[in-house]
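Structure file structure_37.txt (compact mmCIF, C-alpha atoms) is printed below.
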# COMPACT_ATOMS: atom_id res chain seq x y z
CA MET V 167 18.61 22.51 -116.77
CA LYS V 168 18.26 22.42 -113.01
CA LYS V 169 14.90 24.17 -113.30
CA LEU V 170 13.74 21.44 -115.64
CA PHE V 171 14.73 18.45 -113.46
CA THR V 172 13.64 19.74 -110.04
CA PRO V 173 9.87 19.41 -110.63
CA ILE V 174 10.40 16.08 -112.38
CA LEU V 175 12.35 14.69 -109.41
CA ALA V 176 9.72 15.99 -107.00
CA ALA V 177 6.95 14.32 -108.97
CA LEU V 178 8.93 11.08 -109.09
CA ARG V 179 9.43 11.12 -105.32
CA HIS V 180 5.73 11.69 -104.82
CA PHE V 181 4.85 8.85 -107.21
CA LEU V 182 7.20 6.38 -105.52
CA GLY V 183 5.85 7.39 -102.15
CA LEU V 184 2.43 6.15 -103.15
CA PHE V 185 3.87 2.65 -103.51
CA HIS V 186 6.07 2.82 -100.45
CA PRO V 187 3.98 4.29 -97.66
CA PRO V 188 5.49 4.34 -94.19
CA THR V 189 5.85 0.68 -93.12
CA ILE V 190 4.91 1.46 -89.51
CA ALA V 191 1.28 1.98 -90.49
CA TYR V 192 0.98 -1.65 -91.60
CA ALA V 193 3.26 -3.55 -89.22
CA LEU V 194 1.06 -2.78 -86.20
CA LYS V 195 -2.09 -4.34 -87.52
CA GLU V 196 -2.23 -8.15 -87.29
CA SER V 197 -4.49 -11.04 -88.15
CA GLY V 198 -5.56 -13.82 -85.78
CA ILE V 199 -3.04 -16.20 -87.30
CA GLY V 200 -0.71 -17.57 -84.65
CA MET V 201 -2.95 -16.93 -81.68
CA THR V 202 -3.20 -19.64 -79.04
CA VAL V 203 -5.96 -20.91 -76.73
CA THR V 204 -5.36 -22.94 -73.59
CA VAL V 205 -8.12 -24.45 -71.46
CA ASP V 206 -7.73 -26.30 -68.17
CA ASP V 207 -8.71 -29.96 -68.03
CA SER V 208 -10.59 -31.38 -65.05
CA SER V 209 -7.29 -31.74 -63.17
CA GLY V 210 -6.51 -28.05 -63.52
CA SER V 211 -3.74 -28.52 -66.07
CA GLY V 212 -3.82 -26.12 -69.00
CA GLN V 213 -4.16 -27.95 -72.32
CA ALA V 214 -3.36 -26.33 -75.66
CA LEU V 215 -6.47 -26.72 -77.81
CA THR V 216 -5.32 -24.28 -80.49
CA ASN V 217 -4.97 -26.84 -83.25
CA ASP V 218 -8.42 -28.33 -82.60
CA ILE V 219 -10.17 -24.96 -82.72
CA THR V 220 -11.28 -23.61 -86.09
CA SER V 221 -12.97 -20.43 -84.90
CA ILE V 222 -13.45 -18.56 -81.66
CA ASN V 223 -15.17 -15.46 -80.45
CA TRP V 224 -15.20 -13.92 -77.03
CA SER V 225 -16.56 -10.83 -75.38
CA THR V 226 -15.87 -9.02 -72.15
CA PRO V 227 -18.93 -6.83 -71.73
CA ARG V 228 -19.73 -4.49 -68.85
CA GLY V 229 -23.23 -3.73 -67.71
CA VAL V 230 -24.23 -0.12 -68.16
CA GLN V 231 -26.63 1.85 -65.99
CA ASP V 232 -28.33 4.94 -67.33
CA ILE V 233 -28.07 7.57 -64.56
CA THR V 234 -29.05 10.59 -66.60
CA GLY V 235 -30.26 13.38 -64.32
CA LEU V 236 -33.19 15.61 -65.10
CA ASP V 237 -30.80 18.50 -65.49
CA LYS V 238 -28.80 16.88 -68.29
CA SER V 239 -29.28 17.13 -72.02
CA GLY V 240 -26.96 14.16 -72.70
CA ILE V 241 -26.83 10.61 -71.31
CA GLU V 242 -24.91 9.90 -68.10
CA ARG V 243 -23.81 6.30 -67.57
CA LEU V 244 -22.11 4.13 -64.97
CA LEU V 245 -20.34 0.85 -65.62
CA LEU V 246 -21.65 -2.13 -63.64
CA LEU V 247 -20.55 -5.78 -63.39
CA GLY V 248 -18.03 -7.11 -65.86
CA ASP V 249 -18.52 -10.43 -67.62
CA GLY V 250 -16.76 -12.84 -69.94
CA GLN V 251 -18.34 -15.03 -72.62
CA LEU V 252 -16.53 -17.35 -74.98
CA SER V 253 -17.77 -19.49 -77.84
CA MET V 254 -15.53 -21.69 -79.95
CA SER V 255 -15.87 -24.30 -82.67
CA GLY V 256 -13.54 -27.10 -83.57
CA VAL V 257 -12.86 -30.48 -85.08
CA PHE V 258 -13.39 -33.74 -83.17
CA ASN V 259 -10.17 -34.98 -81.58
CA ASP V 260 -10.17 -37.72 -78.94
CA ASP V 261 -6.44 -37.78 -78.33
CA ALA V 262 -5.30 -37.41 -74.73
CA ASN V 263 -5.35 -33.79 -73.53
CA LYS V 264 -7.15 -32.57 -76.63
CA SER V 265 -10.60 -31.10 -77.14
CA LEU V 266 -12.82 -34.09 -76.30
CA ALA V 267 -10.86 -35.00 -73.17
CA VAL V 268 -10.91 -31.40 -71.91
CA LEU V 269 -14.45 -30.35 -72.79
CA LYS V 270 -16.45 -33.49 -71.94
CA THR V 271 -15.64 -33.16 -68.24
CA GLY V 272 -17.00 -29.63 -68.22
CA ILE V 273 -20.43 -31.16 -67.93
CA SER V 274 -19.70 -34.11 -65.66
CA SER V 275 -17.72 -32.12 -63.08
CA ASN V 276 -17.98 -28.78 -61.29
CA VAL V 277 -14.35 -27.89 -61.99
CA THR V 278 -13.82 -24.32 -63.18
CA ARG V 279 -11.44 -23.74 -66.07
CA THR V 280 -8.70 -21.22 -66.58
CA VAL V 281 -8.87 -20.04 -70.17
CA VAL V 282 -5.86 -18.27 -71.64
CA ILE V 283 -6.02 -16.51 -74.98
CA VAL V 284 -2.78 -15.13 -76.37
CA VAL V 285 -2.73 -12.81 -79.36
CA SER V 286 0.66 -11.52 -80.42
CA GLY V 287 2.04 -11.71 -76.90
CA GLN V 288 -1.03 -10.10 -75.33
CA THR V 289 -2.80 -12.36 -72.85
CA LEU V 290 -6.42 -12.54 -71.74
CA THR V 291 -7.02 -14.89 -68.82
CA MET V 292 -10.49 -15.78 -67.57
CA GLU V 293 -11.78 -18.26 -65.04
CA MET V 294 -14.80 -19.93 -66.63
CA VAL V 295 -17.32 -22.74 -66.51
CA ILE V 296 -18.24 -24.84 -69.54
CA SER V 297 -22.01 -24.58 -69.92
CA ASP V 298 -22.48 -26.25 -73.29
CA PHE V 299 -20.61 -28.77 -75.42
CA ALA V 300 -22.35 -29.92 -78.60
CA MET V 301 -21.25 -31.97 -81.59
CA THR V 302 -22.65 -32.25 -85.10
CA ARG V 303 -22.18 -35.01 -87.63
CA ALA V 304 -23.20 -33.29 -90.85
CA GLN V 305 -24.44 -35.05 -93.96
CA ASP V 306 -21.15 -34.23 -95.71
CA GLY V 307 -19.31 -36.46 -93.20
CA SER V 308 -17.76 -33.75 -91.08
CA PHE V 309 -17.84 -34.07 -87.29
CA THR V 310 -17.41 -30.82 -85.45
CA TRP V 311 -18.13 -29.30 -82.04
CA THR V 312 -19.03 -26.04 -80.40
CA ALA V 313 -18.48 -25.07 -76.78
CA THR V 314 -19.75 -22.18 -74.69
CA LEU V 315 -17.92 -20.93 -71.61
CA GLN V 316 -18.89 -18.22 -69.14
CA LEU V 317 -16.98 -16.21 -66.56
CA CYS V 318 -17.42 -17.63 -63.07
CA ASN V 319 -15.11 -16.10 -60.46
CA GLY V 320 -16.29 -12.51 -60.23
CA THR V 321 -13.03 -11.08 -61.53
CA VAL V 322 -13.37 -8.63 -64.40
CA PRO V 323 -11.43 -10.04 -67.39
CA ALA V 324 -8.36 -7.96 -68.16
CA TRP V 325 -5.67 -8.14 -70.79
CA THR V 326 -2.08 -8.30 -69.62
CA MET K 65 -6.54 -40.87 -83.45
CA THR K 66 -6.03 -37.19 -84.03
CA LYS K 67 -8.49 -34.85 -85.73
CA SER K 68 -11.05 -36.83 -87.69
CA SER K 69 -14.28 -36.66 -89.66
CA GLY K 70 -17.60 -38.31 -88.84
CA ILE K 71 -17.35 -41.01 -91.46
CA GLY K 72 -17.92 -44.46 -90.00
CA MET K 73 -20.17 -43.38 -87.14
CA ARG K 74 -23.11 -45.43 -85.88
CA LEU K 75 -26.36 -44.70 -84.05
CA TYR K 76 -28.05 -47.37 -81.95
CA LEU K 77 -31.40 -46.68 -80.32
CA GLN K 78 -33.00 -49.07 -77.87
CA GLY K 79 -31.57 -52.18 -79.52
CA LEU K 80 -32.05 -51.02 -83.09
CA ASP K 81 -29.22 -50.10 -85.44
CA LEU K 82 -30.45 -46.96 -87.21
CA SER K 83 -27.10 -46.11 -88.83
CA GLY K 84 -28.17 -46.85 -92.39
CA ASP K 85 -31.30 -44.73 -92.11
CA VAL K 86 -29.66 -41.69 -90.50
CA GLY K 87 -28.23 -39.01 -92.77
CA ALA K 88 -26.98 -36.55 -90.19
CA ILE K 89 -26.77 -36.17 -86.45
CA ASN K 90 -27.63 -32.55 -85.89
CA THR K 91 -26.86 -32.42 -82.21
CA ILE K 92 -25.02 -34.44 -79.61
CA ARG K 93 -25.18 -32.07 -76.67
CA ALA K 94 -24.05 -32.10 -73.08
CA SER K 95 -24.99 -28.95 -71.23
CA ARG K 96 -25.25 -27.46 -67.76
CA SER K 97 -27.33 -24.51 -66.72
CA VAL K 98 -25.49 -21.86 -64.73
CA LEU K 99 -26.61 -19.91 -61.69
CA ASP K 100 -25.61 -16.29 -61.14
CA VAL K 101 -24.23 -16.09 -57.61
CA THR K 102 -22.47 -12.76 -57.83
CA GLY K 103 -21.74 -11.28 -54.42
CA ILE K 104 -22.02 -7.56 -53.78
CA ASP K 105 -18.28 -7.46 -53.21
CA LYS K 106 -17.47 -8.47 -56.80
CA GLY K 107 -16.75 -6.44 -59.91
CA GLY K 108 -17.44 -9.32 -62.31
CA ILE K 109 -20.02 -12.08 -62.60
CA GLU K 110 -19.73 -15.18 -60.39
CA ARG K 111 -21.37 -18.34 -61.67
CA ILE K 112 -21.77 -21.93 -60.55
CA LEU K 113 -22.91 -24.91 -62.59
CA ALA K 114 -26.40 -26.31 -61.97
CA ILE K 115 -28.59 -28.97 -63.66
CA GLY K 116 -27.05 -30.97 -66.48
CA ASP K 117 -28.86 -32.10 -69.61
CA GLY K 118 -28.34 -34.02 -72.81
CA GLU K 119 -29.72 -34.11 -76.31
CA ILE K 120 -29.26 -36.21 -79.41
CA SER K 121 -31.17 -35.16 -82.51
CA PHE K 122 -30.86 -36.61 -85.98
CA ASN K 123 -32.30 -36.76 -89.46
CA THR K 124 -33.68 -40.01 -90.77
CA PHE K 125 -34.82 -41.36 -94.11
CA PHE K 126 -38.12 -43.17 -94.43
CA ASN K 127 -37.66 -46.94 -94.25
CA ASP K 128 -40.48 -49.32 -93.41
CA GLY K 129 -38.74 -52.37 -94.82
CA ALA K 130 -41.11 -52.29 -97.80
CA ALA K 131 -43.85 -53.62 -95.55
CA ALA K 132 -47.45 -53.50 -96.72
CA ASN K 133 -48.58 -52.03 -93.43
CA ARG K 134 -47.17 -50.83 -90.12
CA ALA K 135 -47.63 -54.16 -88.37
CA GLY K 136 -45.50 -55.78 -91.02
CA ALA K 137 -42.66 -53.33 -90.66
CA THR K 138 -40.93 -55.41 -87.99
CA GLY K 139 -37.38 -54.32 -87.24
CA SER K 140 -37.59 -51.16 -89.31
CA SER K 141 -36.67 -47.67 -88.18
CA PHE K 142 -40.19 -46.56 -89.12
CA LEU K 143 -41.81 -49.03 -86.74
CA ALA K 144 -39.52 -48.16 -83.85
CA LEU K 145 -39.52 -44.39 -84.23
CA SER K 146 -43.17 -43.97 -85.10
CA ALA K 147 -44.12 -45.73 -81.88
CA LEU K 148 -43.13 -42.58 -79.97
CA PRO K 149 -42.62 -44.57 -76.76
CA THR K 150 -43.55 -42.84 -73.53
CA THR K 151 -40.89 -44.73 -71.60
CA ASP K 152 -37.19 -43.84 -71.65
CA VAL K 153 -35.06 -45.00 -74.55
CA ILE K 154 -31.29 -45.37 -74.57
CA ALA K 155 -29.27 -44.02 -77.47
CA MET K 156 -25.63 -44.67 -78.26
CA VAL K 157 -23.73 -42.72 -80.90
CA LEU K 158 -20.45 -44.38 -81.85
CA LYS K 159 -17.61 -42.29 -83.22
CA GLY K 160 -16.30 -45.44 -84.88
CA THR K 161 -16.58 -49.20 -84.63
CA THR K 162 -13.14 -49.98 -83.20
CA ALA K 163 -12.97 -50.94 -79.54
CA GLY K 164 -11.84 -47.90 -77.58
CA ASP K 165 -13.55 -45.37 -79.86
CA ALA K 166 -15.58 -42.59 -78.25
CA VAL K 167 -19.26 -43.27 -77.56
CA PHE K 168 -21.93 -40.76 -76.57
CA CYS K 169 -24.78 -42.23 -74.52
CA LEU K 170 -28.09 -40.80 -73.41
CA SER K 171 -31.12 -42.08 -71.53
CA ALA K 172 -33.84 -40.00 -73.08
CA LYS K 173 -37.40 -39.35 -74.07
CA GLN K 174 -38.15 -39.31 -77.79
CA VAL K 175 -40.15 -36.11 -78.09
CA ASN K 176 -41.07 -36.02 -81.76
CA TYR K 177 -41.24 -37.80 -85.09
CA ASP K 178 -41.54 -35.02 -87.68
CA TRP K 179 -41.36 -35.20 -91.45
CA THR K 180 -40.70 -32.87 -94.32
CA ARG K 181 -41.62 -33.75 -97.89
CA GLY K 182 -39.71 -31.36 -100.11
CA GLN K 183 -40.83 -30.17 -103.52
CA ASP K 184 -37.95 -32.17 -104.96
CA GLY K 185 -39.57 -35.36 -103.68
CA SER K 186 -37.29 -35.83 -100.68
CA LEU K 187 -38.72 -37.14 -97.42
CA VAL K 188 -36.68 -36.47 -94.30
CA GLY K 189 -37.65 -37.07 -90.70
CA THR K 190 -36.20 -35.35 -87.64
CA ILE K 191 -36.07 -36.96 -84.23
CA GLN K 192 -35.10 -35.28 -81.00
CA LEU K 193 -34.07 -37.20 -77.90
CA LEU K 194 -33.93 -35.20 -74.67
CA GLY K 195 -32.27 -36.39 -71.46
CA ALA K 196 -34.95 -37.80 -69.17
CA ALA K 197 -33.45 -40.07 -66.53
CA GLY K 198 -31.74 -37.43 -64.41
CA VAL K 199 -28.47 -38.19 -66.14
CA PRO K 200 -26.93 -35.87 -68.73
CA LEU K 201 -25.16 -37.05 -71.86
CA GLU K 202 -22.38 -39.47 -70.91
CA PHE K 203 -19.04 -39.89 -72.69
CA GLY K 204 -17.78 -43.45 -72.80
CA LYS K 205 -15.53 -45.80 -74.73
CA LEU K 206 -16.65 -48.57 -77.01
CA LEU K 207 -16.06 -52.12 -75.80
CA VAL K 208 -17.60 -53.70 -78.86
CA ALA K 209 -19.69 -52.40 -81.75
CA LYS K 210 -22.66 -54.42 -82.97
CA THR K 211 -21.42 -57.99 -83.09
CA THR K 212 -22.73 -61.55 -82.98
CA HIS K 213 -21.73 -64.13 -80.38
CA ALA K 214 -22.75 -67.61 -81.51
CA SER K 215 -22.28 -68.76 -77.91
CA ALA K 216 -20.68 -67.49 -74.70
CA THR K 217 -17.60 -65.47 -75.69
CA ASP K 218 -15.17 -62.90 -74.27
CA GLN K 219 -14.27 -59.90 -76.41
CA THR K 220 -10.66 -58.70 -76.41
CA GLY K 221 -10.40 -56.08 -73.69
CA ILE K 222 -9.30 -52.45 -74.01
CA ASP K 223 -6.57 -50.82 -71.95
CA PHE K 224 -7.38 -47.61 -70.10
CA GLY K 225 -3.77 -47.30 -68.94
CA ALA K 226 -4.53 -47.19 -65.24
CA GLN K 227 -7.02 -48.30 -62.64
CA THR K 228 -9.73 -45.82 -61.65
CA THR K 229 -11.61 -45.67 -58.35
CA SER K 230 -14.68 -43.54 -58.99
CA GLY K 231 -17.06 -46.10 -60.42
CA ALA K 232 -18.36 -46.62 -63.92
CA VAL K 233 -21.47 -46.88 -66.06
CA GLY K 234 -22.08 -49.68 -68.53
CA TYR K 235 -24.29 -49.40 -71.61
CA LEU K 236 -25.75 -52.35 -73.50
CA GLN K 237 -27.66 -52.46 -76.77
CA HIS K 238 -29.19 -55.89 -77.30
CA PHE K 239 -30.39 -56.33 -80.88
CA SER K 240 -31.47 -59.98 -81.02
CA ALA K 241 -30.78 -63.59 -80.08
CA ALA K 242 -31.91 -66.96 -81.43
CA THR K 243 -32.22 -69.35 -78.49
CA GLY K 244 -31.47 -69.67 -74.77
CA THR K 245 -30.79 -66.99 -72.18
CA VAL K 246 -28.02 -64.45 -72.71
CA GLU K 247 -26.06 -63.12 -69.74
CA TYR K 248 -24.37 -59.87 -70.71
CA ASP K 249 -21.46 -58.96 -68.44
CA LEU K 250 -18.76 -56.34 -68.28
CA GLU K 251 -15.48 -57.59 -66.86
CA ASP K 252 -12.22 -55.98 -65.73
CA SER K 253 -8.67 -57.13 -65.19
CA ALA K 254 -5.70 -55.71 -63.34
CA ASN K 255 -3.05 -57.97 -64.80
CA SER K 256 -3.89 -58.57 -68.44
CA THR K 257 -1.16 -57.65 -70.88
CA ASN K 258 -3.08 -57.89 -74.13
CA GLY K 259 -6.80 -57.87 -73.33
CA VAL K 260 -6.97 -61.66 -73.48
CA ASP K 261 -4.64 -63.13 -70.87
CA GLY K 262 -4.69 -62.48 -67.14
CA SER K 263 -7.45 -62.92 -64.62
CA TRP K 264 -10.82 -61.30 -65.24
CA ALA K 265 -13.67 -60.63 -62.85
CA ASN K 266 -17.23 -59.47 -63.29
CA LEU K 267 -17.43 -55.68 -62.93
CA LEU K 268 -21.14 -55.37 -63.61
CA ALA K 269 -23.94 -57.52 -64.99
CA PHE K 270 -26.81 -56.46 -67.19
CA SER K 271 -30.22 -58.10 -66.86
CA ASP K 272 -30.38 -61.44 -68.64
CA VAL K 273 -32.18 -61.50 -71.97
CA ALA K 274 -34.45 -64.43 -72.83
CA THR K 275 -37.18 -65.19 -75.30
CA PRO K 276 -38.76 -63.36 -77.09
CA TYR K 277 -35.42 -61.51 -77.33
CA ALA K 278 -37.01 -58.13 -77.94
CA ALA K 279 -34.60 -55.36 -78.78
CA ILE K 280 -33.70 -53.52 -75.59
CA ALA K 281 -31.00 -51.31 -74.10
CA GLN K 282 -29.73 -51.07 -70.55
CA ARG K 283 -27.70 -48.68 -68.39
CA VAL K 284 -26.06 -50.08 -65.26
CA GLU K 285 -23.93 -48.24 -62.70
CA VAL K 286 -21.19 -49.63 -60.50
CA SER K 287 -19.19 -47.89 -57.78
CA GLY K 288 -15.59 -48.15 -56.65
CA THR K 289 -12.56 -49.60 -58.39
CA VAL K 290 -12.43 -50.32 -62.08
CA ASP K 291 -9.27 -52.11 -63.16
CA ARG K 292 -7.22 -50.90 -66.06
CA TRP K 293 -8.49 -53.44 -68.60
CA THR K 294 -12.19 -53.89 -69.40
CA ARG K 295 -14.07 -56.12 -71.82
CA ALA K 296 -17.52 -57.21 -72.92
CA SER K 297 -18.47 -60.78 -72.16
CA THR K 298 -21.44 -63.04 -72.85
CA ASN K 299 -22.24 -66.00 -70.64
CA GLY K 300 -24.97 -68.63 -70.33
CA THR K 301 -26.37 -71.02 -72.88
CA PHE K 302 -27.69 -69.33 -75.99
CA THR K 303 -27.15 -68.96 -79.71
CA ASN K 304 -26.48 -65.91 -81.84
CA ALA K 305 -26.70 -62.98 -79.47
CA VAL K 306 -26.31 -59.68 -81.31
CA PHE K 307 -25.28 -56.75 -79.14
CA ALA K 308 -23.00 -53.73 -78.54
CA MET K 309 -21.48 -52.49 -75.30
CA ALA K 310 -19.78 -49.35 -73.98
CA LEU K 311 -18.30 -48.17 -70.71
CA ARG K 312 -17.98 -44.76 -69.11
CA ARG K 313 -15.33 -44.53 -66.41
CA ARG K 314 -16.19 -41.86 -63.90
CA GLU K 315 -13.38 -39.48 -63.06
CA ALA K 316 -12.53 -38.43 -59.53
CA THR K 317 -13.79 -34.90 -60.21
CA ASP K 318 -17.13 -36.03 -61.64
CA ILE K 319 -20.15 -35.00 -59.59
CA ASP K 320 -21.48 -38.56 -59.72
CA ALA K 321 -18.17 -40.21 -58.79
CA ALA K 322 -18.97 -43.13 -56.53
Could you take the file, read its structure, and then write that structure out as structure tokens?
Amino acid sequence: MKKLFTPILAALRHFLGLFHPPTIAYALKESGIGMTVTVDDSSGSGQALTNDITSINWSTPRGVQDITGLDKSGIERLLLLGDGQLSMSGVFNDDANKSLAVLKTGISSNVTRTVVIVVSGQTLTMEMVISDFAMTRAQDGSFTWTATLQLCNGTVPAWT
Amino acid sequence: MTKSSGIGMRLYLQGLDLSGDVGAINTIRASRSVLDVTGIDKGGIERILAIGDGEISFNTFFNDGAAANRAGATGSSFLALSALPTTDVIAMVLKGTTAGDAVFCLSAKQVNYDWTRGQDGSLVGTIQLLGAAGVPLEFGKLLVAKTTHASATDQTGIDFGAQTTSGAVGYLQHFSAATGTVEYDLEDSANSTNGVDGSWANLLAFSDVATPYAAIAQRVEVSGTVDRWTRASTNGTFTNAVFAMALRRREATDIDAA
């Protein structure tokens, strides 16, 4: 009897395991839901623009120099200057301390902006200038904006 | 106002209300070029802001007012836009028509008047306005959308909440008038409580408009203090002046604060 049930129980355990993989493998991966974005206004006060922003992308590239010597059969490289670029899109909002109030002065003033991106408790802070702020009134009636920001203080962006 | 759509917007260009002939505003852009000033002691890029610019581009439908020829198309978007003026034009895009709504203003050159006739029979024009007066796109507030004053009248003022001290820029779109000479003024008040009462003084004056009352637009700067309340005002002896007015308050951090 025992000989009969042992392989059956083993097969059952294996089958159930397919539907209950280790939870740790999934809990670590996260979406962008819940992330926050704060941008300084012209007075240097950080303003939460998260709810006005519909999409965002940023990059923190490093220049790369090819230093491959004649004696090498593979590429040698050095990292050069670091940079930060940010592009975001959002919905028009002219409330105080919201997107219009914060972004419009990026063009009329020389004030640099501290940008803080927080994803699941991880923080990326960059000091940036706003180089472009454009709005579109589409034929469907929507009124949206895009903004482009670039690193300005010579400090390589780093997550903390 | 919180987040909102673009329904109810307006576009005025050099004293002409194009709103009904515009199907989309593709771009309302304020931009600054950036200069790379990275020192050899830095690990990341250093940048500073340089020249500013502005652009307003939009799609338009063909409308010549059913005129038999171009000369007869008086007051139409076709007549105005097809002229491709070589002088600067002033555009105002209104987010809405309520006093206090956001307004985007640009002194620009009209650089094209292009058309596409689709196979489906559609006919759509595209117009691009590029900043041309050394001033990038300016963000202001609406004092009054296109309105008619039968005679000298004061609009109800809007409350900025506090006095500012860095100057301002006024924008006027004059559409038409019937008789007399119209004096367009922008006034401010430190002690109004509702935009009507209190004492008001002239903050800036636009050039008077007299016969033949051609559609025009004006941009006028003023330096120094701007009191918390501001309003549009018409003075002089005239009948049926049709106009719109907006104000940009400069902030202390603005590079053109004065």
* For Gln288 (chain V), the nearest of the candidates V:Ala267, V:Leu317, V:Asn223, V:Met201, counting all atoms listed in the file ->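 Among V:Ala267, V:Leu317, V:Asn223, V:Met201, it is V:Met201 that comes nearest to Gln288 (chain V).
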* Grab the CA of Val157 (chain K) to CA of Arg74 (chain K) distance for me, in Å with one decimal place. =>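 Separating CA of Val157 (chain K) from CA of Arg74 (chain K) is a distance of 5.7 Å.
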Enumerate, in order of chain and increasing residue number, the residues of region 182-276 of chain V with an atom no farther than 6 Å from region 96-111 of chain K, each with its shortest atom pair and distance in Å to one decimal, counting only C-alpha atoms, as CSV.
residue,atom,partner,partner_atom,distance
V:Leu247,CA,K:Gly108,CA,4.8
V:Gly248,CA,K:Gly108,CA,4.2
V:Asp249,CA,K:Ile109,CA,5.5
* **Within 10 Å of region 203-210 of chain V using all atoms listed in the file, minus same-chain residues under 6 positions, as a PyMOL selection string** => (chain V and resi 216-219+222+263-265+267-272+274-285+289-294) or (chain K and resi 315-318)
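The coordinates place CA of Ser297 (chain K) at 5.1 Å from CA of Asp249 (chain K).
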* **Between CA of Ser186 (chain K) and CA of Gln305 (chain V), distance in Å (one decimal)** => 14.5 Å
May I have the centre and edge lengths, in Å to one decimal, of an axis-aligned box around the listed atoms of region 248-265 of chain K with 6 Å added to every side, as AutoDock Vina command-line options?
--center_x -12.8 --center_y -59.4 --center_z -68.5 --size_x 35.2 --size_y 19.4 --size_z 23.3
* Tell me which protein, DNA and RNA residues are within 7 Å of Val230 (chain V), counting all atoms listed in the file, leaving out same-chain ones fewer than 3 positions away, and put them as a VMD selection string. => chain V and resid 243 to 246
* Determine, counting only C-alpha atoms, which protein, DNA and RNA residues have an atom within 9 Å of an atom of Ala304 (chain V); residues of the same chain fewer than 3 positions away are not included. Present the result as a ChimeraX atom specification. => /V:307-310 /K:70,87-90
* **region 265-274 of chain K surroundings by only C-alpha atoms, 6 Å radius, close-in-sequence under 4 positions cut, as a ChimeraX atom specification** => /K:245-252
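Distance check against Asn259 (chain V) using only C-alpha atoms: of K:Ala172, K:Ala166, K:Thr228, K:Gly185, the minimum falls on K:Ala166.
The residues that lie within 9 Å of the point (-34.8, -53.8, -72.1), counting only C-alpha atoms, are Gln78, Gly79, Gln237, His238, Ser271, Val273, Ala278, Ala279, Ile280, Ala281 and Gln282 of chain K.
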* Write out as a PyMOL selection string the residues lying within 6 Å of region 298-301 of chain V, counting all atoms listed in the file and excluding same-chain residues fewer than 5 positions away. => (chain V and resi 310-314) or (chain K and resi 91-95)
* **Residue nearest Thr229 (chain K) - candidates K:Ala114, K:Val167, K:Leu82, K:Val286, atoms counted: only C-alpha atoms** =>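 Nearest candidate to Thr229 (chain K) out of K:Ala114, K:Val167, K:Leu82, K:Val286: K:Val286.
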